[in-house]
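Listing of final-v8.pdb, PDB, C-alpha atoms
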ATOM      1  CA  MET H   1     -22.492 -25.507  43.712
ATOM      2  CA  LYS H   2     -20.991 -22.256  44.840
ATOM      3  CA  THR H   3     -23.333 -19.627  46.209
ATOM      4  CA  PHE H   4     -23.435 -16.123  44.764
ATOM      5  CA  SER H   5     -21.608 -14.755  47.794
ATOM      6  CA  ALA H   6     -18.677 -17.085  47.101
ATOM      7  CA  TRP H   7     -18.094 -15.285  43.796
ATOM      8  CA  MET H   8     -18.160 -11.807  45.371
ATOM      9  CA  PRO H   9     -14.772 -10.101  45.872
ATOM     10  CA  GLN H  10     -13.340 -10.047  49.367
ATOM     11  CA  PHE H  11     -12.374  -6.441  50.062
ATOM     12  CA  PRO H  12      -9.845  -5.643  52.813
ATOM     13  CA  ALA H  13     -11.179  -4.169  56.034
ATOM     14  CA  TYR H  14      -9.733  -0.725  55.258
ATOM     15  CA  ALA H  15     -11.480  -0.471  51.863
ATOM     16  CA  THR H  16     -13.769   2.546  51.651
ATOM     17  CA  PRO H  17     -17.033   2.716  49.652
ATOM     18  CA  ALA H  18     -15.137   4.754  47.059
ATOM     19  CA  ASP H  19     -12.554   1.954  46.742
ATOM     20  CA  LYS H  20     -15.298  -0.625  46.221
ATOM     21  CA  LEU H  21     -17.053   1.584  43.658
ATOM     22  CA  GLY H  22     -13.772   2.091  41.814
ATOM     23  CA  TRP H  23     -13.199  -1.675  41.762
ATOM     24  CA  TRP H  24     -16.604  -2.311  40.189
ATOM     25  CA  LEU H  25     -16.223   0.559  37.705
ATOM     26  CA  LEU H  26     -12.845  -0.765  36.580
ATOM     27  CA  ARG H  27     -14.210  -4.276  36.073
ATOM     28  CA  GLY H  28     -17.251  -2.902  34.278
ATOM     29  CA  ALA H  29     -15.036  -0.887  31.936
ATOM     30  CA  CYS H  30     -12.926  -3.988  31.203
ATOM     31  CA  VAL H  31     -16.047  -6.018  30.385
ATOM     32  CA  ALA H  32     -17.334  -3.232  28.121
ATOM     33  CA  VAL H  33     -14.035  -3.042  26.222
ATOM     34  CA  LEU H  34     -13.916  -6.822  25.788
ATOM     35  CA  ALA H  35     -17.509  -6.851  24.553
ATOM     36  CA  PHE H  36     -16.729  -4.044  22.095
ATOM     37  CA  LEU H  37     -13.793  -6.039  20.716
ATOM     38  CA  LEU H  38     -15.417  -9.481  20.661
ATOM     39  CA  LEU H  39     -18.997  -8.810  19.555
ATOM     40  CA  PRO H  40     -18.058  -7.989  15.915
ATOM     41  CA  ILE H  41     -16.349 -11.387  15.795
ATOM     42  CA  VAL H  42     -19.109 -13.317  17.551
ATOM     43  CA  VAL H  43     -21.917 -11.968  15.338
ATOM     44  CA  ILE H  44     -20.285 -13.612  12.317
ATOM     45  CA  ILE H  45     -20.879 -17.122  13.688
ATOM     46  CA  PRO H  46     -24.728 -17.161  13.461
ATOM     47  CA  LEU H  47     -24.548 -15.729   9.927
ATOM     48  CA  SER H  48     -22.631 -18.815   8.775
ATOM     49  CA  PHE H  49     -25.704 -20.946   9.613
ATOM     50  CA  SER H  50     -28.153 -18.703   7.770
ATOM     51  CA  ASP H  51     -30.115 -19.981   4.766
ATOM     52  CA  SER H  52     -30.163 -16.490   3.257
ATOM     53  CA  SER H  53     -27.953 -15.610   0.303
ATOM     54  CA  PHE H  54     -26.977 -12.361   2.022
ATOM     55  CA  LEU H  55     -25.339 -11.393   5.307
ATOM     56  CA  VAL H  56     -28.420 -10.061   7.044
ATOM     57  CA  TYR H  57     -29.993  -9.871  10.486
ATOM     58  CA  PRO H  58     -32.476 -11.075  11.600
ATOM     59  CA  ILE H  59     -31.652 -14.517  10.243
ATOM     60  CA  PRO H  60     -34.623 -15.823   8.225
ATOM     61  CA  GLY H  61     -33.785 -19.497   8.721
ATOM     62  CA  TRP H  62     -31.058 -21.927   9.688
ATOM     63  CA  SER H  63     -29.089 -24.139   7.333
ATOM     64  CA  LEU H  64     -25.681 -25.755   6.721
ATOM     65  CA  ARG H  65     -25.787 -24.916   3.012
ATOM     66  CA  TRP H  66     -22.794 -22.572   3.192
ATOM     67  CA  TYR H  67     -20.615 -25.190   4.869
ATOM     68  CA  HIS H  68     -21.633 -27.649   2.144
ATOM     69  CA  HIS H  69     -20.772 -24.995  -0.435
ATOM     70  CA  LEU H  70     -17.442 -24.347   1.271
ATOM     71  CA  PHE H  71     -16.316 -27.970   1.310
ATOM     72  CA  GLY H  72     -17.710 -28.610  -2.148
ATOM     73  CA  SER H  73     -16.106 -25.609  -3.850
ATOM     74  CA  ALA H  74     -12.895 -26.286  -5.764
ATOM     75  CA  GLU H  75     -11.674 -22.717  -5.164
ATOM     76  CA  TRP H  76     -12.103 -22.837  -1.387
ATOM     77  CA  VAL H  77     -10.636 -26.334  -1.108
ATOM     78  CA  ARG H  78      -7.617 -25.256  -3.160
ATOM     79  CA  ALA H  79      -7.185 -22.159  -0.963
ATOM     80  CA  ALA H  80      -7.325 -24.286   2.193
ATOM     81  CA  LYS H  81      -4.789 -26.713   0.717
ATOM     82  CA  ASN H  82      -2.429 -23.843  -0.107
ATOM     83  CA  SER H  83      -2.760 -22.408   3.403
ATOM     84  CA  PHE H  84      -1.856 -25.767   4.933
ATOM     85  CA  ILE H  85       1.135 -26.011   2.599
ATOM     86  CA  VAL H  86       2.527 -22.528   3.193
ATOM     87  CA  ALA H  87       1.820 -22.042   6.915
ATOM     88  CA  PRO H  88       3.414 -25.273   8.274
ATOM     89  CA  SER H  89       6.440 -24.894   5.979
ATOM     90  CA  ALA H  90       6.957 -21.268   7.009
ATOM     91  CA  THR H  91       6.450 -22.215  10.666
ATOM     92  CA  LEU H  92       9.104 -24.931  10.491
ATOM     93  CA  ILE H  93      11.671 -22.556   8.968
ATOM     94  CA  ALA H  94      10.803 -19.721  11.360
ATOM     95  CA  THR H  95      10.971 -22.018  14.411
ATOM     96  CA  VAL H  96      14.366 -23.493  13.531
ATOM     97  CA  LEU H  97      16.006 -20.195  12.601
ATOM     98  CA  GLY H  98      14.322 -18.211  15.389
ATOM     99  CA  THR H  99      15.307 -20.728  18.073
ATOM    100  CA  LEU H 100      18.932 -20.824  16.923
ATOM    101  CA  ALA H 101      19.064 -17.023  16.782
ATOM    102  CA  ALA H 102      17.583 -16.700  20.280
ATOM    103  CA  VAL H 103      20.002 -19.223  21.772
ATOM    104  CA  GLY H 104      22.946 -17.463  20.107
ATOM    105  CA  LEU H 105      21.824 -14.032  21.327
ATOM    106  CA  ALA H 106      21.261 -15.299  24.882
ATOM    107  CA  ARG H 107      24.680 -16.945  25.197
ATOM    108  CA  THR H 108      26.944 -14.306  23.626
ATOM    109  CA  ASN H 109      27.681 -10.647  24.073
ATOM    110  CA  PHE H 110      29.098  -8.494  21.299
ATOM    111  CA  ALA H 111      29.194  -4.862  20.269
ATOM    112  CA  PHE H 112      26.231  -4.788  17.893
ATOM    113  CA  LYS H 113      23.946  -7.210  19.703
ATOM    114  CA  GLY H 114      21.189  -4.618  20.151
ATOM    115  CA  LEU H 115      21.367  -3.648  16.482
ATOM    116  CA  LEU H 116      21.131  -7.294  15.406
ATOM    117  CA  MET H 117      18.146  -7.818  17.690
ATOM    118  CA  SER H 118      16.445  -4.806  16.105
ATOM    119  CA  VAL H 119      17.016  -6.253  12.642
ATOM    120  CA  LEU H 120      15.625  -9.647  13.675
ATOM    121  CA  ILE H 121      12.384  -8.214  15.053
ATOM    122  CA  ALA H 122      12.008  -5.585  12.300
ATOM    123  CA  PRO H 123       9.302  -7.584  10.447
ATOM    124  CA  MET H 124       7.072  -7.127  13.511
ATOM    125  CA  VAL H 125       7.165  -3.321  13.286
ATOM    126  CA  VAL H 126       7.691  -2.551   9.592
ATOM    127  CA  PRO H 127       4.341  -1.887   7.838
ATOM    128  CA  ILE H 128       3.242  -5.053   6.092
ATOM    129  CA  VAL H 129       2.610  -3.200   2.827
ATOM    130  CA  VAL H 130       6.268  -2.168   2.782
ATOM    131  CA  VAL H 131       7.267  -5.799   3.338
ATOM    132  CA  GLY H 132       5.008  -6.933   0.507
ATOM    133  CA  VAL H 133       6.274  -4.371  -2.013
ATOM    134  CA  SER H 134       9.936  -4.867  -1.154
ATOM    135  CA  ALA H 135       9.591  -8.668  -1.218
ATOM    136  CA  TYR H 136       7.976  -8.528  -4.653
ATOM    137  CA  LEU H 137      10.652  -6.193  -6.046
ATOM    138  CA  PHE H 138      13.376  -8.476  -4.670
ATOM    139  CA  PHE H 139      11.860 -11.834  -5.639
ATOM    140  CA  ALA H 140      10.448 -10.949  -9.071
ATOM    141  CA  PRO H 141      13.861 -10.751 -10.842
ATOM    142  CA  LEU H 142      14.818 -14.065  -9.203
ATOM    143  CA  GLY H 143      11.705 -15.807 -10.504
ATOM    144  CA  LEU H 144      10.378 -16.446  -6.977
ATOM    145  CA  ALA H 145       7.239 -14.334  -7.347
ATOM    146  CA  ASP H 146       4.116 -16.409  -7.999
ATOM    147  CA  SER H 147       5.769 -19.391  -6.330
ATOM    148  CA  TYR H 148       5.345 -21.370  -3.131
ATOM    149  CA  LEU H 149       9.018 -20.899  -2.248
ATOM    150  CA  GLY H 150       8.903 -17.115  -2.294
ATOM    151  CA  LEU H 151       5.692 -17.053  -0.263
ATOM    152  CA  ILE H 152       7.064 -19.495   2.314
ATOM    153  CA  ILE H 153      10.321 -17.524   2.707
ATOM    154  CA  VAL H 154       8.526 -14.232   3.394
ATOM    155  CA  HIS H 155       6.006 -15.849   5.746
ATOM    156  CA  ALA H 156       8.903 -17.438   7.626
ATOM    157  CA  ALA H 157      10.561 -14.020   7.925
ATOM    158  CA  LEU H 158       7.318 -12.607   9.351
ATOM    159  CA  GLY H 159       6.973 -15.414  11.901
ATOM    160  CA  ALA H 160      10.605 -15.701  13.024
ATOM    161  CA  PRO H 161      10.529 -12.565  15.276
ATOM    162  CA  PHE H 162       7.782 -14.157  17.391
ATOM    163  CA  VAL H 163       9.932 -17.247  17.891
ATOM    164  CA  VAL H 164      12.978 -15.146  18.764
ATOM    165  CA  THR H 165      11.153 -13.090  21.398
ATOM    166  CA  THR H 166       9.358 -16.018  23.066
ATOM    167  CA  VAL H 167      12.458 -18.214  23.187
ATOM    168  CA  LEU H 168      14.565 -15.332  24.531
ATOM    169  CA  ALA H 169      11.981 -14.790  27.269
ATOM    170  CA  THR H 170      12.170 -18.491  28.160
ATOM    171  CA  LEU H 171      15.973 -18.427  28.211
ATOM    172  CA  GLN H 172      15.949 -15.626  30.806
ATOM    173  CA  GLY H 173      15.218 -18.227  33.478
ATOM    174  CA  PHE H 174      17.450 -20.930  32.033
ATOM    175  CA  ASN H 175      20.189 -22.268  34.340
ATOM    176  CA  ASN H 176      23.413 -22.284  32.313
ATOM    177  CA  ASN H 177      25.015 -24.584  34.874
ATOM    178  CA  LEU H 178      23.050 -27.400  33.237
ATOM    179  CA  VAL H 179      24.922 -26.792  29.988
ATOM    180  CA  ARG H 180      28.270 -26.612  31.774
ATOM    181  CA  ALA H 181      27.524 -29.854  33.610
ATOM    182  CA  SER H 182      26.598 -31.604  30.368
ATOM    183  CA  LEU H 183      29.749 -30.405  28.614
ATOM    184  CA  GLY H 184      31.827 -31.327  31.660
ATOM    185  CA  LEU H 185      30.482 -34.876  31.532
ATOM    186  CA  GLY H 186      31.706 -35.287  27.966
ATOM    187  CA  ALA H 187      28.653 -34.445  25.869
ATOM    188  CA  ASP H 188      29.275 -32.463  22.683
ATOM    189  CA  PRO H 189      27.472 -29.110  22.138
ATOM    190  CA  LEU H 190      24.908 -30.586  19.725
ATOM    191  CA  THR H 191      23.933 -33.372  22.127
ATOM    192  CA  THR H 192      23.781 -30.853  24.965
ATOM    193  CA  PHE H 193      21.406 -28.657  22.992
ATOM    194  CA  PHE H 194      18.990 -31.442  22.078
ATOM    195  CA  ARG H 195      19.061 -33.299  25.407
ATOM    196  CA  VAL H 196      19.453 -30.439  27.912
ATOM    197  CA  THR H 197      18.626 -27.016  26.467
ATOM    198  CA  LEU H 198      15.779 -27.833  24.103
ATOM    199  CA  PRO H 199      13.627 -29.820  26.589
ATOM    200  CA  VAL H 200      13.803 -26.909  29.046
ATOM    201  CA  ILE H 201      12.929 -24.191  26.532
ATOM    202  CA  ALA H 202      10.398 -26.356  24.647
ATOM    203  CA  PRO H 203       7.323 -24.412  25.911
ATOM    204  CA  GLY H 204       8.806 -21.172  24.564
ATOM    205  CA  VAL H 205       9.722 -22.796  21.259
ATOM    206  CA  ILE H 206       6.241 -24.240  20.813
ATOM    207  CA  SER H 207       4.610 -20.934  21.792
ATOM    208  CA  GLY H 208       6.711 -19.088  19.234
ATOM    209  CA  ALA H 209       5.855 -21.706  16.612
ATOM    210  CA  LEU H 210       2.140 -21.240  17.281
ATOM    211  CA  PHE H 211       2.473 -17.468  16.882
ATOM    212  CA  ALA H 212       4.444 -17.967  13.662
ATOM    213  CA  PHE H 213       1.824 -20.382  12.338
ATOM    214  CA  ALA H 214      -1.030 -17.997  13.137
ATOM    215  CA  THR H 215       0.856 -15.108  11.512
ATOM    216  CA  SER H 216       1.424 -17.069   8.316
ATOM    217  CA  PHE H 217      -2.063 -18.587   8.249
ATOM    218  CA  ASP H 218      -3.766 -15.170   8.563
ATOM    219  CA  GLU H 219      -1.449 -13.205   6.271
ATOM    220  CA  VAL H 220      -3.117 -11.618   3.237
ATOM    221  CA  VAL H 221      -1.167  -8.489   2.225
ATOM    222  CA  VAL H 222       2.093 -10.234   1.328
ATOM    223  CA  THR H 223       0.088 -12.967  -0.388
ATOM    224  CA  LEU H 224      -1.591 -10.367  -2.599
ATOM    225  CA  PHE H 225       1.842  -9.257  -3.832
ATOM    226  CA  LEU H 226       3.621 -12.617  -4.144
ATOM    227  CA  ALA H 227       1.028 -15.329  -4.743
ATOM    228  CA  GLY H 228      -0.137 -16.273  -8.212
ATOM    229  CA  PRO H 229      -3.418 -17.976  -9.154
ATOM    230  CA  ASP H 230      -2.061 -21.341  -7.996
ATOM    231  CA  GLN H 231      -0.933 -20.088  -4.568
ATOM    232  CA  VAL H 232      -4.168 -18.434  -3.387
ATOM    233  CA  THR H 233      -4.568 -18.943   0.370
ATOM    234  CA  LEU H 234      -7.697 -18.785   2.517
ATOM    235  CA  PRO H 235      -7.228 -15.127   3.595
ATOM    236  CA  ARG H 236      -6.678 -14.064  -0.018
ATOM    237  CA  GLN H 237      -9.703 -16.055  -1.172
ATOM    238  CA  MET H 238     -11.758 -14.330   1.531
ATOM    239  CA  PHE H 239     -10.444 -10.942   0.407
ATOM    240  CA  THR H 240     -11.391 -11.737  -3.185
ATOM    241  CA  GLY H 241     -14.836 -12.925  -2.113
ATOM    242  CA  ILE H 242     -15.510  -9.774  -0.103
ATOM    243  CA  ARG H 243     -14.430  -7.580  -3.010
ATOM    244  CA  GLU H 244     -16.331  -9.405  -5.766
ATOM    245  CA  ASN H 245     -19.261 -11.374  -4.330
ATOM    246  CA  ILE H 246     -20.243 -11.306  -0.678
ATOM    247  CA  ASN H 247     -22.126 -14.382   0.506
ATOM    248  CA  PRO H 248     -22.330 -16.330   3.785
ATOM    249  CA  THR H 249     -19.617 -18.745   2.625
ATOM    250  CA  ILE H 250     -17.177 -16.119   3.888
ATOM    251  CA  ALA H 251     -18.942 -16.243   7.269
ATOM    252  CA  ALA H 252     -18.529 -20.032   7.320
ATOM    253  CA  VAL H 253     -14.793 -19.714   6.610
ATOM    254  CA  ALA H 254     -14.482 -16.974   9.233
ATOM    255  CA  THR H 255     -16.235 -19.179  11.802
ATOM    256  CA  LEU H 256     -13.852 -22.052  11.164
ATOM    257  CA  LEU H 257     -10.871 -19.693  11.420
ATOM    258  CA  ILE H 258     -12.211 -18.306  14.716
ATOM    259  CA  VAL H 259     -12.493 -21.825  16.124
ATOM    260  CA  PHE H 260      -9.045 -22.722  14.818
ATOM    261  CA  THR H 261      -7.370 -19.573  16.184
ATOM    262  CA  THR H 262      -9.111 -19.935  19.551
ATOM    263  CA  SER H 263      -7.855 -23.511  19.773
ATOM    264  CA  LEU H 264      -4.306 -22.295  19.145
ATOM    265  CA  LEU H 265      -4.635 -19.701  21.916
ATOM    266  CA  LEU H 266      -5.957 -22.321  24.346
ATOM    267  CA  VAL H 267      -3.000 -24.566  23.546
ATOM    268  CA  LEU H 268      -0.697 -21.591  24.088
ATOM    269  CA  GLU H 269      -2.184 -20.876  27.509
ATOM    270  CA  TRP H 270      -1.868 -24.570  28.419
ATOM    271  CA  LEU H 271       1.815 -24.462  27.446
ATOM    272  CA  ARG H 272       2.325 -21.328  29.533
ATOM    273  CA  GLY H 273       0.857 -23.130  32.510
ATOM    274  CA  ARG H 274       3.196 -26.074  32.011
ATOM    275  CA  GLY H 275       6.133 -23.727  31.592
ATOM    276  CA  LYS H 276       5.400 -22.080  34.928
TER     277      LYS H 276
END
Please express the file's structure as structure tokens.
Amino acid sequence: MKTFSAWMPQFPAYATPADKLGWWLLRGACVAVLAFLLLPIVVIIPLSFSDSSFLVYPIPGWSLRWYHHLFGSAEWVRAAKNSFIVAPSATLIATVLGTLAAVGLARTNFAFKGLLMSVLIAPMVVPIVVVGVSAYLFFAPLGLADSYLGLIIVHAALGAPFVVTTVLATLQGFNNNLVRASLGLGADPLTTFFRVTLPVIAPGVISGALFAFATSFDEVVVTLFLAGPDQVTLPRQMFTGIRENINPTIAAVATLLIVFTTSLLLVLEWLRGRGK
């Protein structure tokens, strides 16, 4: 067991009392900001175990009734099924296309490279409502509105920029001599990519895929424009529940999503550690 003094910061000999006070004030401000951001999320978790029919504090009693209602409801089960159809499919497309785009951008130089990069990451900065409206106006005449295909394509477009940026960051430290050595030994470019390049940049690819998956899994605005009754996802079902009938089932879904998203972030940090 470490003593309390072992956890205290070790200030340099030249640190003044004002320096030490500033250090503690900065850390205190960071803790306060984190608490301000996290507490609204954390308070949802106890509400999911309430036996009340309303989202109220103090909690009158504890129960798992809302989790039973969640897993026994045809609407929520269908929404979960749709989310696990759309998100993995969109992630696969975004990961493949984003990785290929990043590798191409890292290995070539041309006149409009910066412009192309701006176009590729545009879905990250364009307001999501604009994306939803434009996607609906484009897909509706093609018959892709109210379909899984249209929803998957747009979700892939929203997730691809995350793959491009993370893979490009990984490629900054890539040693191109490995590729030259592989080609010099007789390997073709495709074999070189899968056996030399991809294993090295795998942490960046997987990190980008996790970001793309989280983006697709949490997306609601585009889904409101493109999804029909048969393509309702979990975020859209939550939006509908909040608008029409608020009950702690939404808190149960939110709790599961918090656990799921936190798990993804932990995996991402583990991959970052392996990459370093």
Q: Go through H:Ala135, H:Ala157, H:Ala214, H:Ala140 one by one, measure the shortest atom-to-atom distance of each to H:Ala122 using only C-alpha atoms, and give the residue with the smallest value.
A: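 Using only C-alpha atoms, the shortest distance to H:Ala122 belongs to H:Ala157.
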Q. Counting all atoms listed in the file, what is within 7 Å of H:Ala227, bar same-chain residues fewer than 5 positions away, as a PyMOL selection string?
A. chain H and resi 145-147+151+232
Give me the residues of stretch 185-228 of chain H that have any atom at most 12 Å from an atom of stretch 98-112 of chain H; for each, the nearest atom pair and the distance in Å, rounded to one decimal. Use all atoms listed in the file, sort by chain and number, and format it as CSV.
residue,atom,partner,partner_atom,distance
H:Leu190,CA,H:Leu100,CA,11.8
H:Phe193,CA,H:Val103,CA,9.6
H:Phe194,CA,H:Leu100,CA,11.8
H:Thr197,CA,H:Val103,CA,9.2
H:Leu198,CA,H:Thr99,CA,9.3
H:Ile201,CA,H:Thr99,CA,9.4
H:Ala202,CA,H:Thr99,CA,9.9
H:Pro203,CA,H:Thr99,CA,11.8
H:Gly204,CA,H:Thr99,CA,9.2
H:Val205,CA,H:Thr99,CA,6.8
H:Ile206,CA,H:Thr99,CA,10.1
H:Ser207,CA,H:Thr99,CA,11.3
H:Gly208,CA,H:Gly98,CA,8.6
H:Ala209,CA,H:Gly98,CA,9.2
H:Phe211,CA,H:Gly98,CA,12.0
H:Ala212,CA,H:Gly98,CA,10.0
**Q.** From H:Glu269, H:Ser263, H:Thr91, H:Ala251, residue lying nearest H:Ile45 [only C-alpha atoms]
**A.**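 Using only C-alpha atoms, H:Ile45 sits closest to H:Ala251.
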(Q) Would you compute the distance between atom CA of H:Leu226 and atom CA of H:Asn82? Give it in Å to one decimal. (A) 13.4 Å
Q.
Expand the PyMOL selection byres ((chain H and resi 59) around 12) into the explicit residue set it covers here, and present it as a list in words.
A.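 Applying the PyMOL selection byres ((chain H and resi 59) around 12) to the structure shown produces Val43, Ile44, Ile45, Pro46, Leu47, Ser48, Phe49, Ser50, Asp51, Ser52, Ser53, Phe54, Leu55, Val56, Tyr57, Pro58, Pro60, Gly61, Trp62, Ser63 and Pro248 of chain H.
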